[in-house]
$ cat entry-v5.pdb   # PDB, C-alpha atoms
ATOM      1  CA  GLN S   1       0.000   0.000   0.000
ATOM      2  CA  SER S   2       1.411   3.400  -0.947
ATOM      3  CA  ARG S   3       0.303   6.977  -1.466
ATOM      4  CA  LEU S   4       1.855  10.126  -2.839
ATOM      5  CA  LEU S   5       1.731  13.548  -1.157
ATOM      6  CA  ALA S   6       2.806  16.909  -2.545
ATOM      7  CA  SER S   7       5.229  18.855  -0.355
ATOM      8  CA  LEU S   8       6.412  22.436  -0.584
ATOM      9  CA  HIS S   9       9.973  21.597   0.523
ATOM     10  CA  ASN S  10      10.458  17.955  -0.458
ATOM     11  CA  GLY S  11       8.446  17.764  -3.674
ATOM     12  CA  ALA S  12       6.697  14.405  -3.793
ATOM     13  CA  ILE S  13       6.618  12.337  -0.603
ATOM     14  CA  THR S  14       5.871   8.632  -1.033
ATOM     15  CA  VAL S  15       4.287   6.948   1.979
ATOM     16  CA  LYS S  16       4.345   3.144   2.116
ATOM     17  CA  THR S  17       3.325   0.663   4.771
ATOM     18  CA  PHE S  18       5.397  -2.471   5.410
ATOM     19  CA  PHE S  19       3.835  -4.991   7.794
ATOM     20  CA  GLY S  20       1.844  -2.222   9.465
ATOM     21  CA  ARG S  21       4.839   0.126   9.844
ATOM     22  CA  PRO S  22       5.015   3.373   7.863
ATOM     23  CA  ALA S  23       7.931   4.364   5.662
ATOM     24  CA  VAL S  24       8.493   7.650   3.846
ATOM     25  CA  PHE S  25      10.609   8.246   0.743
ATOM     26  CA  VAL S  26      11.637  11.468  -1.024
ATOM     27  CA  HIS S  27      13.089  11.198  -4.543
ATOM     28  CA  GLY S  28      13.268   7.443  -3.922
ATOM     29  CA  PHE S  29      15.408   7.799  -0.785
ATOM     30  CA  ASP S  30      14.419   6.585   2.659
ATOM     31  CA  GLN S  31      13.577   9.413   5.072
ATOM     32  CA  SER S  32      11.814   7.514   7.846
ATOM     33  CA  SER S  33      11.280   3.758   8.027
ATOM     34  CA  PRO S  34      12.085   0.592   9.976
ATOM     35  CA  TYR S  35      15.606   0.838   8.457
ATOM     36  CA  MET S  36      16.059   4.340   9.912
ATOM     37  CA  ARG S  37      14.674   3.214  13.257
ATOM     38  CA  ILE S  38      17.356   0.500  13.463
ATOM     39  CA  LEU S  39      20.023   2.977  12.298
ATOM     40  CA  TRP S  40      19.176   5.323  15.197
ATOM     41  CA  ARG S  41      18.850   2.458  17.704
ATOM     42  CA  ARG S  42      22.413   1.424  16.868
ATOM     43  CA  ALA S  43      23.615   5.028  16.826
ATOM     44  CA  LEU S  44      22.288   5.655  20.331
ATOM     45  CA  ARG S  45      24.224   2.601  21.533
ATOM     46  CA  GLN S  46      27.438   4.401  20.511
ATOM     47  CA  LEU S  47      26.902   6.994  23.233
ATOM     48  CA  PRO S  48      28.825   6.550  26.453
ATOM     49  CA  THR S  49      26.688   6.261  29.585
ATOM     50  CA  HIS S  50      25.419   9.780  29.868
ATOM     51  CA  GLN S  51      22.543  11.617  31.523
ATOM     52  CA  VAL S  52      20.261  12.899  28.760
ATOM     53  CA  GLU S  53      17.385  15.140  29.778
ATOM     54  CA  HIS S  54      16.929  17.190  26.595
ATOM     55  CA  VAL S  55      17.263  15.893  23.019
ATOM     56  CA  LEU S  56      17.227  17.986  19.854
ATOM     57  CA  MET S  57      16.459  16.236  16.567
ATOM     58  CA  LEU S  58      17.265  18.144  13.390
ATOM     59  CA  GLY S  59      15.037  16.515  10.791
ATOM     60  CA  LEU S  60      11.931  14.505  11.604
ATOM     61  CA  GLY S  61      10.974  12.412   8.614
ATOM     62  CA  ILE S  62       7.834  11.007  10.183
ATOM     63  CA  GLY S  63       9.466  10.281  13.516
ATOM     64  CA  ALA S  64      10.566   6.651  13.136
ATOM     65  CA  SER S  65      13.551   7.293  15.415
ATOM     66  CA  LEU S  66      11.489   8.742  18.281
ATOM     67  CA  PRO S  67      10.549   5.354  19.800
ATOM     68  CA  GLU S  68      14.270   4.481  19.959
ATOM     69  CA  ILE S  69      15.127   7.747  21.704
ATOM     70  CA  ARG S  70      12.305   7.172  24.180
ATOM     71  CA  LYS S  71      13.515   3.619  24.908
ATOM     72  CA  ARG S  72      17.064   4.780  25.583
ATOM     73  CA  PHE S  73      16.132   7.993  27.432
ATOM     74  CA  PRO S  74      12.569   7.524  28.746
ATOM     75  CA  ALA S  75      12.524  10.730  30.811
ATOM     76  CA  ALA S  76      14.044  12.994  28.139
ATOM     77  CA  TRP S  77      12.242  15.975  26.654
ATOM     78  CA  ILE S  78      12.490  15.841  22.853
ATOM     79  CA  THR S  79      12.440  18.886  20.586
ATOM     80  CA  VAL S  80      12.352  18.391  16.820
ATOM     81  CA  VAL S  81      13.099  20.908  14.077
ATOM     82  CA  GLU S  82      11.366  20.037  10.783
ATOM     83  CA  TRP S  83      10.802  22.491   7.955
ATOM     84  CA  ASP S  84       8.277  20.454   5.964
ATOM     85  CA  ALA S  85       4.632  20.767   7.052
ATOM     86  CA  GLY S  86       3.892  17.554   5.124
ATOM     87  CA  MET S  87       6.305  15.564   7.291
ATOM     88  CA  VAL S  88       4.866  17.119  10.460
ATOM     89  CA  SER S  89       1.358  16.187   9.328
ATOM     90  CA  LEU S  90       2.424  12.586   8.636
ATOM     91  CA  PHE S  91       4.150  12.418  12.027
ATOM     92  CA  ARG S  92       0.919  13.479  13.731
ATOM     93  CA  GLU S  93      -1.021  10.910  11.693
ATOM     94  CA  PHE S  94       1.264   7.986  12.561
ATOM     95  CA  TYR S  95       2.237   9.029  16.110
ATOM     96  CA  PRO S  96      -0.825  10.953  17.377
ATOM     97  CA  ASN S  97       0.057  10.525  21.065
ATOM     98  CA  ASP S  98       3.732  11.462  20.853
ATOM     99  CA  THR S  99       4.658  14.414  23.065
ATOM    100  CA  ALA S 100       7.735  15.657  21.179
ATOM    101  CA  LYS S 101       7.799  19.428  20.743
ATOM    102  CA  ILE S 102       7.832  20.157  17.003
ATOM    103  CA  LEU S 103       9.352  23.415  15.759
ATOM    104  CA  GLU S 104       8.239  23.817  12.157
ATOM    105  CA  ALA S 105      11.127  25.896  10.844
ATOM    106  CA  ASP S 106      14.359  25.867   8.878
ATOM    107  CA  ALA S 107      17.082  24.500  11.173
ATOM    108  CA  ALA S 108      19.562  27.096   9.877
ATOM    109  CA  GLU S 109      17.298  29.857  11.179
ATOM    110  CA  ILE S 110      16.168  28.403  14.504
ATOM    111  CA  VAL S 111      19.171  26.454  15.842
ATOM    112  CA  PRO S 112      21.247  29.617  16.519
ATOM    113  CA  GLN S 113      18.517  30.683  18.971
ATOM    114  CA  LEU S 114      18.712  27.409  20.987
ATOM    115  CA  ARG S 115      21.730  28.165  23.171
ATOM    116  CA  GLY S 116      23.132  25.514  25.539
ATOM    117  CA  GLN S 117      19.911  23.615  26.101
ATOM    118  CA  PHE S 118      20.467  20.077  24.849
ATOM    119  CA  ASP S 119      22.395  17.052  26.121
ATOM    120  CA  LEU S 120      22.107  15.314  22.747
ATOM    121  CA  VAL S 121      21.651  16.622  19.187
ATOM    122  CA  LEU S 122      20.819  14.219  16.346
ATOM    123  CA  VAL S 123      21.533  15.679  12.899
ATOM    124  CA  ASP S 124      19.606  14.118  10.003
ATOM    125  CA  LEU S 125      18.707  16.939   7.587
ATOM    126  CA  TYR S 126      18.034  15.611   4.087
ATOM    127  CA  THR S 127      15.871  16.140   1.045
ATOM    128  CA  GLY S 128      16.090  12.764  -0.670
ATOM    129  CA  GLN S 129      19.785  11.923  -0.680
ATOM    130  CA  GLN S 130      20.876  15.567  -0.526
ATOM    131  CA  PRO S 131      22.030  16.947   2.857
ATOM    132  CA  ALA S 132      20.824  20.424   3.793
ATOM    133  CA  SER S 133      23.257  22.918   2.256
ATOM    134  CA  SER S 134      23.531  24.730   5.611
ATOM    135  CA  LEU S 135      25.332  21.682   7.075
ATOM    136  CA  TYR S 136      28.377  22.551   4.952
ATOM    137  CA  GLU S 137      28.634  25.988   6.553
ATOM    138  CA  GLY S 138      30.728  26.581   9.650
ATOM    139  CA  GLU S 139      28.124  28.985  11.020
ATOM    140  CA  MET S 140      25.435  26.278  11.116
ATOM    141  CA  VAL S 141      27.768  23.700  12.656
ATOM    142  CA  ARG S 142      28.876  26.239  15.286
ATOM    143  CA  SER S 143      25.223  26.876  16.166
ATOM    144  CA  ILE S 144      24.758  23.123  16.693
ATOM    145  CA  THR S 145      27.722  23.115  19.081
ATOM    146  CA  GLY S 146      26.225  26.163  20.788
ATOM    147  CA  ALA S 147      22.905  24.344  21.318
ATOM    148  CA  LEU S 148      24.666  21.616  23.318
ATOM    149  CA  THR S 149      25.299  21.602  27.040
ATOM    150  CA  PRO S 150      29.062  21.525  27.832
ATOM    151  CA  GLY S 151      29.000  17.738  28.391
ATOM    152  CA  GLY S 152      26.617  17.010  25.513
ATOM    153  CA  PHE S 153      26.973  14.856  22.416
ATOM    154  CA  CYS S 154      26.071  15.180  18.749
ATOM    155  CA  ILE S 155      25.438  12.332  16.312
ATOM    156  CA  LEU S 156      25.617  13.158  12.608
ATOM    157  CA  ASN S 157      24.043  10.995   9.921
ATOM    158  CA  ALA S 158      26.281  11.792   6.937
ATOM    159  CA  PHE S 159      24.644   9.095   4.751
ATOM    160  CA  THR S 160      27.165   8.722   1.892
ATOM    161  CA  ASP S 161      28.733  12.197   2.043
ATOM    162  CA  LEU S 162      31.935  11.872   4.060
ATOM    163  CA  SER S 163      32.764  15.541   3.415
ATOM    164  CA  LEU S 164      30.074  16.406   5.979
ATOM    165  CA  ILE S 165      32.137  14.625   8.612
ATOM    166  CA  SER S 166      35.119  16.800   7.675
ATOM    167  CA  VAL S 167      33.018  19.957   8.115
ATOM    168  CA  PHE S 168      31.833  18.836  11.573
ATOM    169  CA  ASP S 169      35.406  17.873  12.515
ATOM    170  CA  LEU S 170      36.390  21.561  12.242
ATOM    171  CA  GLU S 171      33.973  22.584  15.023
ATOM    172  CA  PHE S 172      33.646  19.499  17.259
ATOM    173  CA  THR S 173      35.843  16.926  18.978
ATOM    174  CA  HIS S 174      35.357  13.812  16.822
ATOM    175  CA  LEU S 175      34.964  10.713  19.018
ATOM    176  CA  LYS S 176      34.173   7.974  16.488
ATOM    177  CA  THR S 177      32.795   7.135  13.050
ATOM    178  CA  TRP S 178      30.930   3.993  12.014
ATOM    179  CA  LYS S 179      28.774   2.656   9.216
ATOM    180  CA  TYR S 180      25.328   1.097   9.253
ATOM    181  CA  ARG S 181      24.713  -0.444   5.851
ATOM    182  CA  TYR S 182      24.485   2.608   3.520
ATOM    183  CA  ASN S 183      24.942   5.296   6.144
ATOM    184  CA  HIS S 184      28.085   6.777   7.686
ATOM    185  CA  LEU S 185      27.589   8.263  11.144
ATOM    186  CA  ALA S 186      29.846  10.178  13.514
ATOM    187  CA  LEU S 187      29.788  10.933  17.230
ATOM    188  CA  TYR S 188      30.997  14.305  18.529
ATOM    189  CA  ARG S 189      31.437  16.377  21.690
ATOM    190  CA  PRO S 190      31.790  20.131  21.924
ATOM    191  CA  ARG S 191      35.382  21.361  22.220
TER     192      ARG S 191
END
$ encode --input "entry-v5.pdb" --output "structure tokens"
Amino acid sequence: QSRLLASLHNGAITVKTFFGRPAVFVHGFDQSSPYMRILWRRALRQLPTHQVEHVLMLGLGIGASLPEIRKRFPAAWITVVEWDAGMVSLFREFYPNDTAKILEADAAEIVPQLRGQFDLVLVDLYTGQQPASSLYEGEMVRSITGALTPGGFCILNAFTDLSLISVFDLEFTHLKTWKYRYNHLALYRPR
């Protein structure tokens, strides 16, 4: 079963259901699915034991990673930045009882205002396979570091673009890099 939705920012969004679980694709690329849920489950295991009270997700898809964050950090407050109203609408359709705070905005505009509030930032900003252009800019990466508490962590999903890791390396202390199938991920701390 699948359906197609028009989106101002992503173009066409394809929504499919696999064994009762939703999956969303943009330009044929996975944005939120059981695959992404496993990717984030494994990514969260890379974190050292750490008290996490506030999580910032940059990029929502339809929220497939939220159950994994809630399992790992059940008491954490989760804030999500998502610029596409279509994705937010799908999130509310598939997860109507989720309490995450959704900020419907461009991450490049709103993240600089979120100073020192988060113990964990998850960066997953894509349109199809293309990372948000702001992620290549030092100013955006510095605002992500600024949104973290001094002992916080950041996990970047670089997908196949290893140059993103190099950009983040300029602003963060790089702790480790790993691969989950098609995706390269990296774990960082503020300097």
$ atom_distance --input "entry-v5.pdb" --atom1 "atom CA of Lys179 of chain S" --atom2 "atom CA of Gly138 of chain S"
24.0 Å
$ resolve_selection --input "entry-v5.pdb" --expression "the PyMOL selection byres ((chain S and resi 64) around 12)" --output "number ranges by chain"
S: 21-24, 30-41, 57, 59-63, 65-70, 87, 90-92, 94-95, 98
$ resolve_selection --input "entry-v5.pdb" --expression "the PyMOL selection byres ((chain S and resi 186) around 6)" --output "MDAnalysis selection string"
chainID S and resid 155:156 176:177 185 187
$ write_last_selection --input "entry-v5.pdb" --atoms "C-alpha atoms" --output "short mmCIF file (atom, residue, chain, number, x, y, z; two decimals), in the coordinates of the input"
data_model
loop_
_atom_site.label_atom_id
_atom_site.label_comp_id
_atom_site.auth_asym_id
_atom_site.auth_seq_id
_atom_site.Cartn_x
_atom_site.Cartn_y
_atom_site.Cartn_z
CA ILE S 155 25.44 12.33 16.31
CA LEU S 156 25.62 13.16 12.61
CA LYS S 176 34.17 7.97 16.49
CA THR S 177 32.80 7.14 13.05
CA LEU S 185 27.59 8.26 11.14
CA LEU S 187 29.79 10.93 17.23
#
$ resolve_selection --input "entry-v5.pdb" --expression "the PyMOL selection byres ((chain S and resi 113-127) around 8)" --output "ChimeraX atom specification"
/S:10,26-27,31,51-60,109-112,128-132,143-144,146-158
$ atom_distance --input "entry-v5.pdb" --atom1 "atom CA of Leu135 of chain S" --atom2 "atom CA of His184 of chain S"
15.2 Å
$ closest_residue --input "entry-v5.pdb" --among "S:Ala105, S:Lys16, S:Asp84, S:Leu164" --to "Ser133 of chain S" --atoms "only C-alpha atoms"
S:Leu164
$ closest_residue --input "entry-v5.pdb" --among "S:Ser166, S:Gln1, S:Ala85, S:Ala6" --to "Phe19 of chain S" --atoms "all atoms listed in the file"
S:Gln1
$ atom_distance --input "entry-v5.pdb" --atom1 "atom CA of Arg45 of chain S" --atom2 "atom CA of Glu171 of chain S"
23.2 Å
$ axis_aligned_box --input "entry-v5.pdb" --around "segment 41-45 of chain S" --padding-each-side "3 Å" --output "JSON"
{"center_x": 21.5, "center_y": 3.5, "center_z": 19.2, "size_x": 11.4, "size_y": 10.2, "size_z": 10.7}
$ closest_residue --input "entry-v5.pdb" --among "S:Arg142, S:His9, S:His50, S:Arg3" --to "Glu82 of chain S" --atoms "only C-alpha atoms"
S:His9
$ closest_residue --input "entry-v5.pdb" --among "S:Leu103, S:Arg191, S:Leu175, S:Trp77" --to "Leu47 of chain S" --atoms "only C-alpha atoms"
S:Leu175
$ closest_residue --input "entry-v5.pdb" --among "S:Arg42, S:Pro74, S:Trp83, S:Thr99" --to "Tyr180 of chain S" --atoms "only C-alpha atoms"
S:Arg42
$ closest_residue --input "entry-v5.pdb" --among "S:Ala12, S:Tyr136, S:Gln46, S:Ser7" --to "Val88 of chain S" --atoms "all atoms listed in the file"
S:Ser7
